[in-house]
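*Asks:* Attaching a single structure in structure tokens format; questions to follow.
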Amino acid sequence: MVSEKEKETDKMLDNKLKAFPKDFLWGASTSAYQVEGANLSDGKGPSCQDVKELPAGTSSLDVCADHYHRYKEDIKLMAEMGFKTYRFSIAWTRLLPNGTGEINQAGIDHYNDVINTCLEYNIEPLVTMFHFDMPDALDKRGSWSNPESVDWFVNFAKVMFENFGDRVKYWLTINEQNMLTLVGPIIGTLRIPEGTTNVLKEVYQQNHHMLVAQAKAMVLCHEMLPNAKIGPAPNISYVYPASCKPEDNLAAQEFNAIRNWLYLDMAVYGRYNNLVWTYLEENDATPTFAEGDEEAMKNAHPDFIGFNYYSTATVQHSSADDELDPGADQQSARGETGYYKGYANPNLKKTEFGWEIDPDGFLATMREMYSRYHLPMIVTENGLGAYDTLEDGRVHDNYRIAYLRAHIEQLQKAVTENIEMMGYCPWSAIDLVSTHEGIRKRYGFIYVDTTDEEVGTLDRYKKDSFYWYKKVIATNGEDLSDDFDVE
């Protein structure tokens, strides 16, 4: 039980909180391959997601939420919630079916219409350039292993800037590049050339090409669209030590560097994190630099940082003889023999899918990021995957409301601490196919009538969280209570 004195103290603290900025970008996120469907329609070429072996029991990607055909209906619902921004990705192979070469005009027309529909409702498009969907044709040419992949990506960026840059003000480069590097097989993105003997070196060479490609895309954006803003979008989980033992703290520093700071140090400062470079040296895995790489990475100068946050991580020291699982998925405990090993935090509850829930860690993550990089930040993903149940046209997802409320409360504390927060885009705007757990793992404010086993009516239903988030946006984050109006 919370005492009256504690309640009064909380009330006093709440009164000292600063309001969210008036231009705060409330919204939500999706990605093309997970929400659109129509994955080989209207001239779109196959991506790595379309040719991979699907995880057992999960939905195919030919329909998903059918957002490709229903985006007008969906964006209208987003407008009803009061969205100020909608973060979505552009499918590379919908614009360039083979990754390079001929442009598919139907793809250009589609995304023009999506962007224009957003703007009709005064919703700012926040465009992710690459979200886990490398063109299959480019995978066959070596994927990110090929040094030419840098030019492929920059060309793709140029096509987007030329066609959409007159209306899109905010761009994100590569979604969760750190997850592509750390858990690529789970996402279905990693391609290792036959005959590779040092897999770690190969993975980090691919990662290097992505870092250079991102930097050059940022430079190009600033040249072609001087009024636009662009930034990275990694998945950031602050890492705790499992105890106050000095060796556990050192392990946490190692994993923080490998999981988080490598990607932001490079995006912001154009240099490799020293702890990560040491780790790569010790494993004969340092990447090869091409001429001009170092200069390109130092010239990126992102305008802001987008980041996905779901939970923190906790690790302890690992000895050289530990046998460890290198990692299950984006948020599961990982291990690296001789450096760190994952530790289940006993102080945190877990979701139905085993991910830890840590709103306080959200604030810790924002504090650490801002102290290191001093750039405006926008939350590009944050949400609760759960087994939602549709009953009489309603989904009573009070568990999702509780999760989001707890995180928005910490977000407001960050604003109060003078951390520059631009916006908040939970995952996801509507139900979609999760990376490896299907559509049964639902995140959306809007329920989509379909399952992993069969395509349903695809009708849309407003969850309780829809009405709650609508109120939150209408009050600019001031009212987070359980009271909300249902039509």
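Following the order of the structure tokens, chains are lettered A, B, ..., residues in each are numbered from 1, and ligands are numbered from 1.
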What parts of region 156-322 of chain A does DSSP call helix (DSSP H, G or I)? I'd like the answer as a count of residues only.
*Replies:* 84
*Asks:* Please, which residues of region 136-368 of chain A, numbered as in this document, come out strand (DSSP E) from DSSP, as a JSON list (two decimals) with C-alpha atoms, in the first residue's frame?
*Replies:*
```json
[["chain", "number", "residue", "atom", "x", "y", "z"],
["A", 170, "TYR", "CA", 12.57, 14.19, -41.16],
["A", 171, "TRP", "CA", 14.59, 11.14, -42.25],
["A", 172, "LEU", "CA", 15.96, 8.11, -40.42],
["A", 173, "THR", "CA", 18.78, 6.16, -42.05],
["A", 174, "ILE", "CA", 19.03, 2.51, -40.97],
["A", 175, "ASN", "CA", 16.67, 0.99, -38.46],
["A", 229, "LYS", "CA", 16.87, 16.80, -40.79],
["A", 230, "ILE", "CA", 18.33, 13.30, -40.69],
["A", 231, "GLY", "CA", 19.51, 10.92, -37.99],
["A", 232, "PRO", "CA", 20.23, 7.27, -37.13],
["A", 233, "ALA", "CA", 17.75, 4.89, -35.48],
["A", 239, "VAL", "CA", 23.29, -2.02, -19.72],
["A", 240, "TYR", "CA", 23.39, -2.54, -15.95],
["A", 241, "PRO", "CA", 26.04, -4.55, -14.07],
["A", 305, "ILE", "CA", 19.12, 10.85, -32.85],
["A", 306, "GLY", "CA", 16.20, 8.49, -33.29],
["A", 307, "PHE", "CA", 16.26, 5.45, -31.02],
["A", 308, "ASN", "CA", 14.16, 2.39, -30.24],
["A", 313, "ALA", "CA", 20.00, -5.24, -20.32],
["A", 314, "THR", "CA", 21.94, -6.66, -17.40],
["A", 315, "VAL", "CA", 25.25, -8.54, -17.59],
["A", 316, "GLN", "CA", 27.92, -10.01, -15.39],
["A", 335, "GLY", "CA", 26.82, -13.36, -23.84],
["A", 336, "GLU", "CA", 30.33, -13.04, -25.26],
["A", 340, "TYR", "CA", 30.17, -10.45, -20.47],
["A", 341, "LYS", "CA", 27.25, -12.80, -20.01],
["A", 342, "GLY", "CA", 23.56, -12.01, -19.82]]
```
*Asks:* Write out as a PyMOL selection string which residues come within 8 Å of region 357-360 of chain A when counting only C-alpha atoms, dropping same-chain ones fewer than 6 positions away.
*Replies:* chain A and resi 310-312+348-351+406-407+410
*Asks:* Would you mind listing what lies within 8 Å of region 151-161 of chain A as number ranges by chain, with only C-alpha atoms counted and same-chain residues fewer than 3 positions away left out?
*Replies:* A: 92, 96, 99-100, 129, 148, 164-166, 213, 216-217, 220-221, 224-225
*Asks:* Can those selected residues be exported to a file as a compact mmCIF listing (two decimals), in the first residue's frame so that it contains N, CA and C atoms?
*Replies:*
```txt
# COMPACT_ATOMS: atom_id res chain seq x y z
N TRP A 92 12.74 -0.61 -50.18
CA TRP A 92 13.76 -0.39 -51.22
C TRP A 92 13.30 -0.98 -52.55
N LEU A 96 13.02 0.39 -56.31
CA LEU A 96 14.06 -0.17 -57.19
C LEU A 96 13.97 -1.68 -57.09
N GLY A 99 17.13 -3.30 -56.70
CA GLY A 99 18.05 -2.62 -55.78
C GLY A 99 18.78 -1.45 -56.40
N THR A 100 19.12 -1.59 -57.70
CA THR A 100 19.73 -0.51 -58.49
C THR A 100 19.03 -0.51 -59.85
N MET A 129 14.57 5.03 -44.00
CA MET A 129 15.06 4.69 -45.34
C MET A 129 15.29 3.19 -45.51
N GLU A 148 30.52 -2.32 -52.76
CA GLU A 148 29.62 -1.53 -53.60
C GLU A 148 28.28 -1.24 -52.91
N PHE A 164 10.79 12.61 -52.84
CA PHE A 164 9.98 12.91 -51.67
C PHE A 164 10.52 14.05 -50.82
N GLY A 165 11.71 14.52 -51.14
CA GLY A 165 12.38 15.51 -50.30
C GLY A 165 11.71 16.86 -50.24
N ASP A 166 10.84 17.17 -51.21
CA ASP A 166 10.14 18.45 -51.17
C ASP A 166 9.08 18.49 -50.08
N ALA A 213 27.80 3.87 -45.48
CA ALA A 213 26.62 4.18 -46.29
C ALA A 213 25.72 5.18 -45.59
N LYS A 216 27.35 8.70 -45.69
CA LYS A 216 27.27 9.33 -47.00
C LYS A 216 25.83 9.75 -47.33
N ALA A 217 24.86 8.98 -46.85
CA ALA A 217 23.46 9.37 -47.05
C ALA A 217 23.13 10.64 -46.28
N LEU A 220 24.63 13.51 -48.21
CA LEU A 220 23.81 13.77 -49.39
C LEU A 220 22.52 14.48 -49.03
N CYS A 221 21.91 14.08 -47.93
CA CYS A 221 20.68 14.73 -47.48
C CYS A 221 20.92 16.22 -47.22
N MET A 224 21.38 17.94 -50.69
CA MET A 224 20.19 18.02 -51.55
C MET A 224 19.00 18.68 -50.87
N LEU A 225 18.90 18.51 -49.54
CA LEU A 225 17.73 19.00 -48.80
C LEU A 225 18.19 19.81 -47.59
```
*Asks:* Excluding Leu458 (chain A) and residues on its chain fewer than 4 positions from it, collect all residues at most 8 Å away from it, counting only C-alpha atoms, and give them as number ranges by chain.
*Replies:* A: 65-66, 448-450
*Asks:* For the residues in the current selection, export C-alpha atoms as a short mmCIF file (atom, residue, chain, number, x, y, z; two decimals), in the first residue's frame.
*Replies:*
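As a result, selection.cif now contains:
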```
data_model
loop_
_atom_site.label_atom_id
_atom_site.label_comp_id
_atom_site.auth_asym_id
_atom_site.auth_seq_id
_atom_site.Cartn_x
_atom_site.Cartn_y
_atom_site.Cartn_z
CA ALA A 65 -2.06 -5.76 -42.24
CA ASP A 66 -2.70 -4.88 -45.92
CA VAL A 448 -6.32 -5.86 -37.31
CA ASP A 449 -8.59 -8.87 -37.79
CA THR A 450 -6.12 -11.44 -39.06
#
```
*Asks:* A:Gly101, A:Gly57, A:Gly195, A:Gly107: which is nearest Lys44 (chain A), counting only C-alpha atoms?
*Replies:*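 Result for the nearest residue to Lys44 (chain A): A:Gly107.
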*Asks:* Set the distance at 8 Å and use only C-alpha atoms: which residues neighbour Tyr68 (chain A) once local chain neighbours fewer than 4 positions away are removed? I'd like the list as JSON, numbers by chain.
*Replies:* {"A": [35, 36, 37, 38]}
*Asks:* Using only C-alpha atoms, can you tell me which of A:Asp431, A:Asp139, A:Asp303, A:Glu420 comes closest to Phe445 (chain A)?
*Replies:*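 Among the listed residues, the smallest separation from Phe445 (chain A) belongs to A:Asp431.
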*Asks:* My list of candidates is A:Ile90, A:Ala285, A:Ala251, A:Leu324. Which is closest to Tyr339 (chain A) when distances are computed with only C-alpha atoms?
*Replies:*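 For Tyr339 (chain A), the nearest of the given residues is A:Ala251.
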